Structure formats: structure tokens, C-alpha cells
Amino acid sequence: GVPWYAIGVLALGILSLILSVVYPEPFRIFILLIPLAIAWPLWPVQGAFVASVSCLPGMLPAFLAVLLPSVGFYGISTVLPVIPEGALNLIWVIAIVSALYGSLLALSQDSMETLLAYAHMALGAILWWYVAVTQAVAQGAVAYFGGLCLVICGLLLAGQHIRARFGHLDLNTSHGLAHIMPGLSVLFVLFITAALGLPIFSLFSAFMGMMLGTSS
């Protein structure tokens with residue numbers, strides 16, 4: 001069916017962009033945070049991102065899984081110096097809620113694309129929290145963001161390749177990839193290992209650098 005909720009969220013984002021031009025400071029910054037949270041998904045406006053990654057055909061989900069968060073990340077780094085203290089406190093609280101919410105929903109999905117959309121939301125919310133708490137976009141944050149987008153994009157592309165060959169993937173019933181497509185299964189293992197944050201991958205080192213670099 002048509003993801004009407006996602007369309008509504010997109011309409012809200014467009015309206016917020018228009019209102020951000022009209023309203024003066026500091027209301028403009030508060031309003032501008034809404035489309036940024038839609039593109040780089042946070043609860044409760046993650047619907048547009050989830051629908052884009054899980055419902056669109058072909059390579060579009062993998063492309064948008066990089067493009068949309070990149071727009072949000074660039075936007076937040078641009079407006080960060082002028083965000084009021086109250087808005088930053090609200091952001092890190094919402095980021096924690098988003099990380100927990102995205103993780104719980106990711107665990108309950110039977111579609112790979114939807115699982116990856118919520119996983120992107122949960123892992124990206126950690127970076128939202130870090131930026132709001134430190135009020136800075138450090139080099140480690142950029143490395144973490146790049147590693148996250150690479151991992152999710154790679155898994156989406158691999159999932160698209162499997163779906164093109166075998167049809168829809170039900171994660172509850174799909175087994176034995178290593179016997180059917182051994183080369184691709186190795187790639188899957190590498191991307192999943194990176195997503196889990198094991199030390200040999202940049203996602204882990206960037207995460208540890210961020211966490212050890214802030215007193216919070």
C-alpha cells in the first residue's frame with residue numbers, strides 16, 4: 001500500500017522548510033531541526049526515511065540511505081553553532097529514545113530493508129546524541145557517520161542482489177546463503193561484522209574515539 005504516514009512526514013518537512021524562512025530567530029532554528037530529523041531519522045519523524053529505504057525499488061534505497069542522512073548531517077553541522085541550549089538538550093533526549101526505539105523495531109522485522117532502515121536510525125541516533133552533548137562535529141564523528149552509511153548501503157545493495165535472484169527475503173525463513181552464493185555470503189559477513197562494531201572496522205574505532213573523547 002501507499003505509505004501515507006511517510007508522505008505526511010515529507011509534507012511536514014516541506015512545510016517546516018517554508019516556515020523556517022518566515023520565522024525569526026530562535027524559532028527558525030527549532031523549525032529547521034524538523035526536516036533535518038526527517039532526513040537523518042529521529043523519532044517520531046523517521047517514517048519518511050524508513051519508507052524510502054524499505055519501499056522504493058531498485059538501487060534507490062541504497063542511494064537514499066546515504067543521501068538523506070548526509071543532508072541531515074551536513075545541515076546539523078551547519079546550524080550547530082546557533083542552536084539554543086534548550087534545543088540541544090531536547091535533541092540528546094530524543095536521540096536516546098530514537099536509539100532504543102530503532103533497536104527494538106529492528107529486532108522485530110522480517111524484511112531486510114526495514115531492519116536496515118531501523119538499524120540506521122538506531123546507530124545514527126548515537127551520533128545525534130554525541131553532537132548534541134559535545135556541541136561539535138569532531139573528526140571521529142565524521143568517520144563514524146561515513147562507516148555507518150557504507151555498511152548500511154553495502155547491506156542494502158547485497159540484499160537487492162539476492163532479492164533480484166530469489167525474490168522477497170523473509171529473514172525468519174531465509175537460511176543457507178553460504179551454500180547458494182558463497183562469495184556474496186562472505187561479503188555479507190564482512191558488512192554485518194562491521195555493523196556490529198568489531199575492533200577491526202572503522203565504525204568501532206570511531207565510536208570508541210567519540211565515547212572516550214567526551215566526559216558524558
# chains A, B, ... in the order shown; residues from 1 in each chain; ligands from 1
>>> select_by_dssp(residues="stretch 77-107 of chain A", states="alpha helix (DSSP H)", output="number ranges by chain")
A: 77-79, 85-107
>>> residues_around(residues="A:Val50", least_positions_apart="4", cutoff="8 Å", atoms="only C-alpha atoms", output="list in words")
Gln46, Ser54, Thr114, Ala117 and Tyr118 of chain A
>>> closest_atom_pairs(of="stretch 53-84 of chain A", to="stretch 25-34 of chain A", cutoff="8 Å", atoms="only C-alpha atoms", output="JSON lines")
{"residue": "A:Ile76", "atom": "CA", "partner": "A:Leu33", "partner_atom": "CA", "distance": 7.7}
{"residue": "A:Val79", "atom": "CA", "partner": "A:Ile29", "partner_atom": "CA", "distance": 7.6}
{"residue": "A:Val82", "atom": "CA", "partner": "A:Ile29", "partner_atom": "CA", "distance": 7.7}
{"residue": "A:Ile83", "atom": "CA", "partner": "A:Ile29", "partner_atom": "CA", "distance": 6.4}
{"residue": "A:Pro84", "atom": "CA", "partner": "A:Pro26", "partner_atom": "CA", "distance": 7.4}
>>> write_last_selection(atoms="N, CA and C atoms", output="JSON list (two decimals), in the first residue's frame")
[["chain", "number", "residue", "atom", "x", "y", "z"],
["A", 76, "ILE", "N", 22.89, 19.75, 10.24],
["A", 76, "ILE", "CA", 23.07, 19.94, 11.68],
["A", 76, "ILE", "C", 24.45, 20.51, 11.98],
["A", 79, "VAL", "N", 24.17, 24.40, 11.28],
["A", 79, "VAL", "CA", 23.39, 25.22, 12.20],
["A", 79, "VAL", "C", 23.78, 25.00, 13.67],
["A", 82, "VAL", "N", 24.47, 27.88, 16.25],
["A", 82, "VAL", "CA", 23.40, 28.81, 16.62],
["A", 82, "VAL", "C", 22.20, 28.08, 17.25],
["A", 83, "ILE", "N", 22.32, 26.78, 17.50],
["A", 83, "ILE", "CA", 21.21, 26.06, 18.14],
["A", 83, "ILE", "C", 21.17, 26.42, 19.62],
["A", 84, "PRO", "N", 20.02, 26.83, 20.15],
["A", 84, "PRO", "CA", 19.92, 27.18, 21.57],
["A", 84, "PRO", "C", 20.21, 25.99, 22.47]]
>>> atom_distance(atom1="atom CA of A:Val21", atom2="atom CA of A:Leu36")
14.8 Å
>>> atom_distance(atom1="atom CA of A:Ser108", atom2="atom CA of A:Phe145")
24.5 Å
>>> closest_residue(among="A:Glu85, A:Trp92, A:Pro35, A:Ala141", to="A:Ile18", atoms="only C-alpha atoms")
A:Pro35
>>> closest_residue(among="A:Ala99, A:Val53, A:Ala164, A:Ala125", to="A:Ile152", atoms="only C-alpha atoms")
A:Val53
>>> residues_around(residues="A:Ala6", least_positions_apart="2", cutoff="12 Å", atoms="only C-alpha atoms", output="list in words")
Gly1, Val2, Pro3, Trp4, Gly8, Val9, Leu10, Ala11, Leu12, Gly13, Ile38, Ala39, Pro41, Pro44, Val45, Gln46, Gly47, Ala48, Phe49, Val50, Ala51, Ser52, Val53, Ser54 and Cys55 of chain A
>>> residues_around(residues="stretch 88-91 of chain A", least_positions_apart="4", cutoff="9 Å", atoms="only C-alpha atoms", output="PyMOL selection string")
chain A and resi 80+83-84+95-96+128-129+131-133+135
